[in-house]
Amino acid sequence: MGFFKNLFGGGEEAKAPALNVLGAPVAGEAVAISEVSDPTFGQEILGKGVAFRPSEGKVFAPCDASVDLMFDTGHAVSLLADFGAEILIHVGLDTVNLKGQHFTVHAHNGDKVKKGDLLIEFDVAAIAAAGYDVITPMVICNTPDYATINIHTGHVAPGDMVLELGK
Amino acid sequence: MKSFTHVIADPAGLHARPAGMLAKEAVGYKSDITLAAPGGTADAKRLMAIMRLAAKQGMELTVTCSGEDEDAAAAGLEKFLKENL
């Protein structure tokens with residue numbers, strides 16, 4: 001813990017720059033992005049991030065943001081955080097092929113949203129029953145803009161801190 | 001400057017995975033690369049911008065490459081789009 005003590009607790013040392021925080025967009029278990037079997041996510045082609053095994057079919061805004069693109073299929077949404085991060089939340093793998101089935105959209109392109117606002121509802125059981133992996137990655141599309149991306153895993157409620165971003 | 005067009009064949013359109021792969025391919029070139037679609041234009045190196053085009057099957061993309069490696073960029077992206085989108 002010495003590292004964190006130096007970063008956050010060391011009195012005489014320069015203060016670490018403030019980190020921007022993203023909350024969990026879903027309830028469930030946060031896991032390393034490398035656990036996502038789809039290499040587009042697992043190998044960080046879309047950016048660094050964290051993934052969730054959702055226990056409830058609701059996607060909430062992870063921070064104050066504007067909706068950049070709500071896919072009309074409801075299976076994914078991209079957000080531009082007020083602090084500048086470009087965030088993609090993708091519910092399940094290959095779920096574009098469901099063509100909107102089992103998804104209900106609650107926000108639209110250009111909407112200003114607050115952390116915790118409901119964006120998408122989805123039927124976890126029905127998507128799994130249709131043969132899709134419901135693992136839900138949240139990735140930072142402008143990863144190169146951040147020198148520091150800290151990831152927190154484990155059981156989470158919506159809004160619990162899962163990513164910290166620092167320039 | 002070098003440009004070409006590609007009509008999207010993927011029934012799912014330009015969704016997250018092909019957009020990410022396209023951005024990764026584009027970042028490999030020094031040239032400025034822009035994508036023009038009916039929904040607007042995007043820097044092909046920026047994933048969010050590509051996704052914002054919301055380009056669907058049957059839509060025509062115009063890819064324009066401008067810079068020292070524009071010939072290689074155009075050839076590489078044309079090959080990529082034919083194989084993946």
# chains A, B, ... in the order shown; residues from 1 in each chain; ligands from 1

$ residues_around --residues "range 120-122 of chain A" --least-positions-apart "5" --cutoff "6 Å" --atoms "only C-alpha atoms" --output "VMD selection string"
chain A and resid 57 to 59 102 to 106

$ interface_residues --of "chain B" --to "chain A" --cutoff "8 Å" --atoms "only C-alpha atoms" --output "PyMOL selection string"
chain B and resi 12+15+17+20-21+24+46-48+51-52+54

$ write_last_selection --atoms "N, CA and C atoms" --output "JSON list (two decimals), in the first residue's frame"
[["chain", "number", "residue", "atom", "x", "y", "z"],
["B", 12, "ALA", "N", -25.31, -5.77, -40.29],
["B", 12, "ALA", "CA", -25.39, -5.04, -39.01],
["B", 12, "ALA", "C", -24.87, -3.61, -39.15],
["B", 15, "HIS", "N", -21.10, -1.18, -36.96],
["B", 15, "HIS", "CA", -21.32, -1.24, -35.52],
["B", 15, "HIS", "C", -19.97, -1.24, -34.79],
["B", 17, "ARG", "N", -17.72, -3.29, -33.38],
["B", 17, "ARG", "CA", -16.52, -4.07, -33.69],
["B", 17, "ARG", "C", -15.84, -3.59, -34.98],
["B", 20, "GLY", "N", -14.21, -0.25, -34.47],
["B", 20, "GLY", "CA", -12.96, -0.33, -33.70],
["B", 20, "GLY", "C", -11.81, -0.85, -34.54],
["B", 21, "MET", "N", -12.11, -1.88, -35.35],
["B", 21, "MET", "CA", -11.06, -2.44, -36.21],
["B", 21, "MET", "C", -10.63, -1.44, -37.27],
["B", 24, "LYS", "N", -8.40, 1.14, -35.73],
["B", 24, "LYS", "CA", -7.09, 0.56, -35.48],
["B", 24, "LYS", "C", -6.27, 0.51, -36.77],
["B", 46, "ARG", "N", -10.69, 7.98, -35.12],
["B", 46, "ARG", "CA", -11.41, 8.17, -33.86],
["B", 46, "ARG", "C", -12.68, 7.32, -33.83],
["B", 47, "LEU", "N", -12.63, 6.30, -32.97],
["B", 47, "LEU", "CA", -13.71, 5.33, -32.88],
["B", 47, "LEU", "C", -15.08, 5.96, -32.66],
["B", 48, "MET", "N", -15.16, 6.89, -31.70],
["B", 48, "MET", "CA", -16.46, 7.48, -31.38],
["B", 48, "MET", "C", -17.03, 8.21, -32.59],
["B", 51, "MET", "N", -18.42, 5.68, -35.06],
["B", 51, "MET", "CA", -19.70, 5.12, -34.63],
["B", 51, "MET", "C", -20.83, 6.13, -34.82],
["B", 52, "ARG", "N", -20.49, 7.42, -34.63],
["B", 52, "ARG", "CA", -21.51, 8.47, -34.71],
["B", 52, "ARG", "C", -22.12, 8.55, -36.12],
["B", 54, "ALA", "N", -23.28, 6.20, -37.67],
["B", 54, "ALA", "CA", -24.41, 5.26, -37.66],
["B", 54, "ALA", "C", -24.68, 4.74, -39.08]]

$ atom_distance --atom1 "CA of Asp43 in chain B" --atom2 "CA of Glu60 in chain B"
16.2 Å

$ residues_around --residues "Arg53 in chain A" --least-positions-apart "4" --cutoff "8 Å" --atoms "only C-alpha atoms" --output "number ranges by chain"
A: 28-31, 134-136

$ write_last_selection --atoms "N, CA and C atoms" --output "mmCIF file, in the first residue's frame"
data_model
loop_
_atom_site.group_PDB
_atom_site.id
_atom_site.type_symbol
_atom_site.label_atom_id
_atom_site.label_comp_id
_atom_site.auth_asym_id
_atom_site.auth_seq_id
_atom_site.Cartn_x
_atom_site.Cartn_y
_atom_site.Cartn_z
ATOM 1 N N GLY A 28 -23.736 -5.983 -10.674
ATOM 2 C CA GLY A 28 -23.189 -7.289 -11.009
ATOM 3 C C GLY A 28 -21.763 -7.412 -10.553
ATOM 4 N N GLU A 29 -20.980 -8.150 -11.337
ATOM 5 C CA GLU A 29 -19.587 -8.351 -10.983
ATOM 6 C C GLU A 29 -18.699 -7.673 -12.021
ATOM 7 N N ALA A 30 -17.832 -6.785 -11.559
ATOM 8 C CA ALA A 30 -16.870 -6.133 -12.456
ATOM 9 C C ALA A 30 -15.644 -7.032 -12.580
ATOM 10 N N VAL A 31 -15.226 -7.256 -13.823
ATOM 11 C CA VAL A 31 -14.077 -8.129 -14.084
ATOM 12 C C VAL A 31 -13.117 -7.440 -15.062
ATOM 13 N N VAL A 134 -23.799 -12.316 -22.099
ATOM 14 C CA VAL A 134 -24.303 -10.993 -21.695
ATOM 15 C C VAL A 134 -23.222 -10.123 -21.047
ATOM 16 N N ILE A 135 -21.988 -10.581 -21.073
ATOM 17 C CA ILE A 135 -20.919 -9.762 -20.477
ATOM 18 C C ILE A 135 -20.926 -8.377 -21.135
ATOM 19 N N THR A 136 -20.800 -7.362 -20.313
ATOM 20 C CA THR A 136 -21.012 -5.980 -20.751
ATOM 21 C C THR A 136 -19.760 -5.149 -20.536
#

$ closest_residue --among "B:Ile33, B:Leu81, B:Leu53, B:Val7" --to "Gly67 in chain B" --atoms "only C-alpha atoms"
B:Ile33

$ closest_residue --among "B:Leu22, B:Ala9, B:Met59, B:Ala72" --to "Ala44 in chain B" --atoms "only C-alpha atoms"
B:Leu22

$ atom_distance --atom1 "CA of Asp69 in chain B" --atom2 "CA of Gln43 in chain A"
26.9 Å

$ select_by_dssp --residues "chain A" --states "helix (DSSP H, G or I)" --output "ChimeraX atom specification"
/A:2-9,33-35,39-42,95-98,124-129,143-145

$ closest_residue --among "A:Val162, A:Ala107, A:Leu118, A:Ile89" --to "Asn20 in chain A" --atoms "only C-alpha atoms"
A:Val162

$ atom_distance --atom1 "CA of Asn84 in chain B" --atom2 "CA of Gly28 in chain B"
16.9 Å

$ closest_residue --among "A:Val156, A:Ala65, A:Glu56, A:Ile151" --to "Phe83 in chain A" --atoms "only C-alpha atoms"
A:Ala65

$ closest_residue --among "A:Glu164, A:Asp82, A:Asp111, A:Asp64" --to "Asn150 in chain A" --atoms "only C-alpha atoms"
A:Glu164

$ residues_around --residues "Lys45 in chain B" --least-positions-apart "4" --cutoff "7 Å" --atoms "only C-alpha atoms" --output "VMD selection string"
chain B and resid 23 26 to 27

$ select_by_dssp --residues "chain B" --states "strand (DSSP E)" --output "list in words"
Lys2, Ser3, Phe4, Thr5, His6, Val7, Asp32, Ile33, Thr34, Leu35, Ala36, Ala37, Gly40, Thr41, Ala42, Asp43, Glu60, Leu61, Thr62, Val63, Thr64, Cys65 and Ser66 of chain B

$ write_last_selection --atoms "N, CA and C atoms" --output "short mmCIF file (atom, residue, chain, number, x, y, z; two decimals), in the first residue's frame"
data_model
loop_
_atom_site.label_atom_id
_atom_site.label_comp_id
_atom_site.auth_asym_id
_atom_site.auth_seq_id
_atom_site.Cartn_x
_atom_site.Cartn_y
_atom_site.Cartn_z
N LYS B 2 -6.10 10.87 -52.01
CA LYS B 2 -6.54 9.63 -52.66
C LYS B 2 -7.88 9.26 -52.03
N SER B 3 -8.87 8.95 -52.85
CA SER B 3 -10.14 8.57 -52.24
C SER B 3 -10.79 7.43 -53.01
N PHE B 4 -11.66 6.73 -52.32
CA PHE B 4 -12.41 5.64 -52.94
C PHE B 4 -13.74 5.51 -52.19
N THR B 5 -14.65 4.74 -52.77
CA THR B 5 -15.93 4.53 -52.08
C THR B 5 -16.11 3.04 -51.78
N HIS B 6 -16.92 2.80 -50.77
CA HIS B 6 -17.24 1.42 -50.39
C HIS B 6 -18.68 1.40 -49.92
N VAL B 7 -19.45 0.45 -50.44
CA VAL B 7 -20.84 0.28 -49.99
C VAL B 7 -20.85 -0.79 -48.91
N ASP B 32 -3.86 11.79 -42.98
CA ASP B 32 -5.17 12.13 -42.45
C ASP B 32 -6.18 11.31 -43.25
N ILE B 33 -7.09 10.66 -42.54
CA ILE B 33 -8.07 9.81 -43.21
C ILE B 33 -9.46 10.20 -42.74
N THR B 34 -10.31 10.54 -43.69
CA THR B 34 -11.68 10.90 -43.31
C THR B 34 -12.67 9.96 -43.98
N LEU B 35 -13.76 9.74 -43.26
CA LEU B 35 -14.85 8.91 -43.76
C LEU B 35 -16.05 9.83 -43.97
N ALA B 36 -16.64 9.76 -45.15
CA ALA B 36 -17.87 10.51 -45.36
C ALA B 36 -18.99 9.51 -45.60
N ALA B 37 -20.08 9.70 -44.89
CA ALA B 37 -21.26 8.84 -45.01
C ALA B 37 -22.48 9.75 -45.07
N GLY B 40 -22.78 12.14 -42.13
CA GLY B 40 -21.77 13.14 -41.80
C GLY B 40 -20.38 12.64 -42.15
N THR B 41 -19.37 13.32 -41.60
CA THR B 41 -18.00 12.89 -41.85
C THR B 41 -17.30 12.63 -40.52
N ALA B 42 -16.27 11.78 -40.57
CA ALA B 42 -15.57 11.41 -39.34
C ALA B 42 -14.09 11.21 -39.62
N ASP B 43 -13.29 11.53 -38.61
CA ASP B 43 -11.88 11.17 -38.61
C ASP B 43 -11.81 9.66 -38.41
N GLU B 60 -23.19 4.24 -48.74
CA GLU B 60 -21.88 4.39 -49.35
C GLU B 60 -20.97 5.24 -48.46
N LEU B 61 -19.78 4.71 -48.20
CA LEU B 61 -18.75 5.45 -47.48
C LEU B 61 -17.75 5.96 -48.50
N THR B 62 -17.35 7.22 -48.33
CA THR B 62 -16.24 7.74 -49.13
C THR B 62 -15.05 7.93 -48.20
N VAL B 63 -13.96 7.26 -48.53
CA VAL B 63 -12.76 7.31 -47.71
C VAL B 63 -11.73 8.19 -48.43
N THR B 64 -11.23 9.19 -47.73
CA THR B 64 -10.24 10.08 -48.32
C THR B 64 -8.99 10.08 -47.47
N CYS B 65 -7.86 9.79 -48.13
CA CYS B 65 -6.58 9.72 -47.43
C CYS B 65 -5.68 10.83 -47.98
N SER B 66 -5.04 11.54 -47.07
CA SER B 66 -4.22 12.66 -47.49
C SER B 66 -2.96 12.72 -46.64
#

$ closest_residue --among "B:Leu85, B:Ser31, B:Ala74, B:Ile50" --to "Ala19 in chain B" --atoms "only C-alpha atoms"
B:Ile50
